Structure formats: structure tokens, C-alpha cells
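> File follows, input08.pdb with PDB, C-alpha atoms and all ligand atoms:
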MODEL        1
ATOM      1  CA  MET A   1     -10.140  -4.396   4.043  1.00  0.00           C
ATOM      2  CA  TYR A   2     -11.251  -5.544   0.648  1.00  0.00           C
ATOM      3  CA  LEU A   3      -9.283  -7.709  -1.765  1.00  0.00           C
ATOM      4  CA  ASN A   4     -10.886  -8.196  -5.194  1.00  0.00           C
ATOM      5  CA  PRO A   5      -9.633 -11.558  -6.510  1.00  0.00           C
ATOM      6  CA  LYS A   6     -10.616 -10.600 -10.071  1.00  0.00           C
ATOM      7  CA  ASP A   7      -8.196  -7.661 -10.296  1.00  0.00           C
ATOM      8  CA  GLY A   8      -4.452  -7.855 -10.965  1.00  0.00           C
ATOM      9  CA  ARG A   9      -3.780  -5.734  -7.872  1.00  0.00           C
ATOM     10  CA  PHE A  10      -6.757  -7.004  -5.836  1.00  0.00           C
ATOM     11  CA  TYR A  11      -8.202  -3.500  -6.277  1.00  0.00           C
ATOM     12  CA  ASP A  12     -11.888  -2.663  -6.358  1.00  0.00           C
ATOM     13  CA  ASP A  13     -13.095   0.151  -8.648  1.00  0.00           C
ATOM     14  CA  TYR A  14     -13.040   2.731  -5.860  1.00  0.00           C
ATOM     15  CA  THR A  15      -9.459   1.968  -4.866  1.00  0.00           C
ATOM     16  CA  TYR A  16      -8.377   2.048  -8.519  1.00  0.00           C
ATOM     17  CA  ARG A  17      -9.863   5.509  -9.036  1.00  0.00           C
ATOM     18  CA  LYS A  18      -8.544   6.804  -5.710  1.00  0.00           C
ATOM     19  CA  THR A  19      -4.942   5.618  -6.067  1.00  0.00           C
ATOM     20  CA  PRO A  20      -2.740   7.846  -8.231  1.00  0.00           C
ATOM     21  CA  PHE A  21      -1.011   5.985 -11.080  1.00  0.00           C
ATOM     22  CA  GLY A  22       2.455   6.426  -9.565  1.00  0.00           C
ATOM     23  CA  GLU A  23       1.384   4.809  -6.285  1.00  0.00           C
ATOM     24  CA  ARG A  24      -0.137   1.665  -7.779  1.00  0.00           C
ATOM     25  CA  PRO A  25       2.031  -1.437  -7.451  1.00  0.00           C
ATOM     26  CA  PRO A  26       2.704  -3.537 -10.549  1.00  0.00           C
ATOM     27  CA  GLU A  27       0.191  -6.260 -11.417  1.00  0.00           C
ATOM     28  CA  THR A  28       2.654  -8.975 -10.387  1.00  0.00           C
ATOM     29  CA  ASP A  29       2.979 -11.397  -7.490  1.00  0.00           C
ATOM     30  CA  GLN A  30       5.256  -8.837  -5.822  1.00  0.00           C
ATOM     31  CA  GLY A  31       2.691  -6.071  -6.320  1.00  0.00           C
ATOM     32  CA  ARG A  32      -0.159  -8.201  -5.010  1.00  0.00           C
ATOM     33  CA  ALA A  33       1.952  -9.134  -1.957  1.00  0.00           C
ATOM     34  CA  SER A  34       2.471  -5.434  -1.232  1.00  0.00           C
ATOM     35  CA  VAL A  35      -1.306  -4.880  -1.373  1.00  0.00           C
ATOM     36  CA  ILE A  36      -1.838  -7.761   1.052  1.00  0.00           C
ATOM     37  CA  GLY A  37       0.788  -6.292   3.394  1.00  0.00           C
ATOM     38  CA  HIS A  38      -1.017  -2.949   3.246  1.00  0.00           C
ATOM     39  CA  GLU A  39      -4.463  -4.392   3.896  1.00  0.00           C
ATOM     40  CA  PHE A  40      -3.263  -6.723   6.647  1.00  0.00           C
ATOM     41  CA  GLY A  41      -1.765  -3.670   8.361  1.00  0.00           C
ATOM     42  CA  HIS A  42      -5.276  -2.295   8.598  1.00  0.00           C
ATOM     43  CA  ALA A  43      -7.008  -5.558   9.450  1.00  0.00           C
ATOM     44  CA  LEU A  44      -4.547  -7.124  11.886  1.00  0.00           C
ATOM     45  CA  LEU A  45      -2.834  -4.119  13.434  1.00  0.00           C
ATOM     46  CA  GLY A  46      -5.441  -1.374  13.105  1.00  0.00           C
ATOM     47  CA  ALA A  47      -2.878   0.804  11.322  1.00  0.00           C
ATOM     48  CA  HIS A  48      -3.845   4.077   9.633  1.00  0.00           C
ATOM     49  CA  ASP A  49      -2.506   5.321   6.324  1.00  0.00           C
ATOM     50  CA  GLU A  50      -0.355   8.428   5.965  1.00  0.00           C
ATOM     51  CA  SER A  51      -3.231  10.802   5.262  1.00  0.00           C
ATOM     52  CA  PRO A  52      -4.131  14.290   6.505  1.00  0.00           C
ATOM     53  CA  GLN A  53      -6.928  12.619   8.471  1.00  0.00           C
ATOM     54  CA  PHE A  54      -4.356  10.567  10.434  1.00  0.00           C
ATOM     55  CA  PRO A  55      -1.144  12.629  10.736  1.00  0.00           C
ATOM     56  CA  LEU A  56       0.559   9.848  12.712  1.00  0.00           C
ATOM     57  CA  GLY A  57      -0.464   7.103  10.274  1.00  0.00           C
ATOM     58  CA  ARG A  58       2.359   4.768   9.229  1.00  0.00           C
ATOM     59  CA  ASN A  59       0.607   1.846   7.512  1.00  0.00           C
ATOM     60  CA  VAL A  60       2.365   2.273   4.163  1.00  0.00           C
ATOM     61  CA  ARG A  61       5.792   2.677   5.764  1.00  0.00           C
ATOM     62  CA  ASP A  62       5.451  -0.001   8.424  1.00  0.00           C
ATOM     63  CA  ASN A  63       3.483  -2.675   6.561  1.00  0.00           C
ATOM     64  CA  GLU A  64       3.296  -2.119   2.793  1.00  0.00           C
ATOM     65  CA  ASN A  65       6.910  -0.976   2.424  1.00  0.00           C
ATOM     66  CA  ALA A  66       8.111  -3.809   4.678  1.00  0.00           C
ATOM     67  CA  VAL A  67       6.632  -6.289   2.201  1.00  0.00           C
ATOM     68  CA  ARG A  68       7.931  -4.320  -0.781  1.00  0.00           C
ATOM     69  CA  ALA A  69      11.453  -4.672   0.636  1.00  0.00           C
ATOM     70  CA  GLN A  70      11.112  -8.417   1.262  1.00  0.00           C
ATOM     71  CA  VAL A  71       9.706  -9.686  -2.066  1.00  0.00           C
ATOM     72  CA  PHE A  72      12.034 -10.815  -4.816  1.00  0.00           C
ATOM     73  CA  PRO A  73      12.879  -8.837  -6.736  1.00  0.00           C
ATOM     74  CA  PRO A  74      12.112  -6.073  -4.254  1.00  0.00           C
ATOM     75  CA  LEU A  75       9.781  -3.225  -5.163  1.00  0.00           C
ATOM     76  CA  PRO A  76      10.792   0.382  -4.477  1.00  0.00           C
ATOM     77  CA  PRO A  77       9.205   1.835  -1.350  1.00  0.00           C
ATOM     78  CA  ARG A  78       5.963   3.730  -1.752  1.00  0.00           C
ATOM     79  CA  ARG A  79       6.555   7.379  -0.893  1.00  0.00           C
ATOM     80  CA  ALA A  80       3.023   8.828  -0.965  1.00  0.00           C
ATOM     81  CA  TYR A  81      -0.537   8.024  -0.065  1.00  0.00           C
ATOM     82  CA  GLY A  82      -3.315   9.621  -2.079  1.00  0.00           C
ATOM     83  CA  GLY A  83      -0.826  12.145  -3.424  1.00  0.00           C
ATOM     84  CA  ASN A  84       0.439  13.103   0.058  1.00  0.00           C
ATOM     85  CA  GLN A  85       4.173  12.531   0.158  1.00  0.00           C
ATOM     86  CA  PHE A  86       5.928  11.374   3.312  1.00  0.00           C
ATOM     87  CA  PRO A  87       9.538  10.662   4.284  1.00  0.00           C
ATOM     88  CA  ILE A  88      10.366   6.964   4.124  1.00  0.00           C
ATOM     89  CA  ASP A  89      13.496   6.754   6.275  1.00  0.00           C
ATOM     90  CA  GLU A  90      12.318   7.793   9.693  1.00  0.00           C
TER      91      GLU A  90
HETATM   92 ZN    ZN B 101      -4.893   1.764   3.359  1.00  0.00          ZN
ENDMDL
END
Show me the file's structure as C-alpha cells.


Amino acid sequence: MYLNPKDGRFYDDYTYRKTPFGERPPETDQGRASVIGHEFGHALLGAHDESPQFPLGRNVRDNENAVRAQVFPPLPPRRAYGGNQFPIDE
């Protein structure tokens, strides 16, 4: 887990390059909260992202999207990780 306090999304350069434009949250309090939810899923729960490396990964759905739904105004759920799309309602 790495949160860069100098970036509007807490991203480091690697994460910025790796995350497709359409998957990046807005540079707002709501967007930063969704990044914290994502990273805490890794750090506190040991969750894996929805990647080919971890076919059962649910970190975005279980942790990032949970925060996206709870902030005000809510953010739409993220539907892909690294360009790999996944269903959000299962
Ligand atoms: Zn992740």
C-alpha cells in the first residue's frame, strides 16, 4: 500500500501510468476516499484485485466500490481493473 500525499488521487507515478484513464477516480475528496478504501482492502484485509493473476480477487468490488457507494455524492462503481472488466452485481 502506498498513498502519495502530494498527488490529487494519492497516486505514485507507477500507479498513474498503470491505471487506465477511465478507471481513475476524480481528484476530489470522494475520489481520494475511494483510493483509501481500495488500499485499505489490501492492507487490512489482504484482498486481491480483480486481475488475471488472482481470478478470485474482489478488492475493487468489496472495498473500493463499497466506499464509492457511500461517499456523497456517490461515485459510480469501478467496473475494471487494469483494463480487465468484471461484473459488479454478483
Ligand atoms: Zn489494488

> Point out the residue among A:Val67, A:Phe54, A:Asn84, A:Ala47 with the least atom-to-atom distance to ligand ZN 101 (chain B), counting all atoms listed in the file.

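Of all the options, A:Ala47 lies closest to ligand ZN 101 (chain B).
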
> Can you tell me which residues come within 7 Å of ligand ZN 101 (chain B) when counting all atoms listed in the file, ideally as a PyMOL selection string?

chain A and resi 38-39+42+48-49+59

> Would you put the residues from that selection into a file with C-alpha atoms, as a short mmCIF file (atom, residue, chain, number, x, y, z; two decimals), keeping the file's coordinate frame?


data_model
loop_
_atom_site.label_atom_id
_atom_site.label_comp_id
_atom_site.auth_asym_id
_atom_site.auth_seq_id
_atom_site.Cartn_x
_atom_site.Cartn_y
_atom_site.Cartn_z
CA HIS A 38 -1.02 -2.95 3.25
CA GLU A 39 -4.46 -4.39 3.90
CA HIS A 42 -5.28 -2.30 8.60
CA HIS A 48 -3.84 4.08 9.63
CA ASP A 49 -2.51 5.32 6.32
CA ASN A 59 0.61 1.85 7.51
#

> Go ahead and compute the interatomic distance for CA of Phe72 (chain A) and CA of Tyr14 (chain A), in Å to one decimal.

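These atoms are spaced 28.5 Å apart.
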
> Any chance you could work out the residue set of the PyMOL selection byres (((chain A and resi 17-27) around 8) and not hetatm) here, as a list in words?

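Selected by the PyMOL selection byres (((chain A and resi 17-27) around 8) and not hetatm) here: Gly8, Arg9, Asp13, Tyr14, Thr15, Tyr16, Thr28, Asp29, Gln30, Gly31, Arg32, Ser34, Val35, Arg78, Arg79, Ala80, Tyr81, Gly82 and Gly83 of chain A.
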
> CA of Asp12 (chain A) and CA of Ala43 (chain A), how far apart in Å?

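Taking CA of Ala43 (chain A) as the start and CA of Asp12 (chain A) as the end point, the length is 16.8 Å.
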
> Quick one: of A:Pro77, A:Phe86, A:Tyr11, A:Arg68, who's nearest to Pro52 (chain A), counting only C-alpha atoms?

A:Phe86

> Using Å and a single decimal, report how far CA of Asn65 (chain A) sits from CA of Gly37 (chain A).

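Between CA of Gly37 (chain A) and CA of Asn65 (chain A) the gap is 8.2 Å.
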
> From the list A:Ile36, A:Arg58, A:Pro73, A:Gly41, which residue is nearest Asn4 (chain A) when using only C-alpha atoms?

A:Ile36
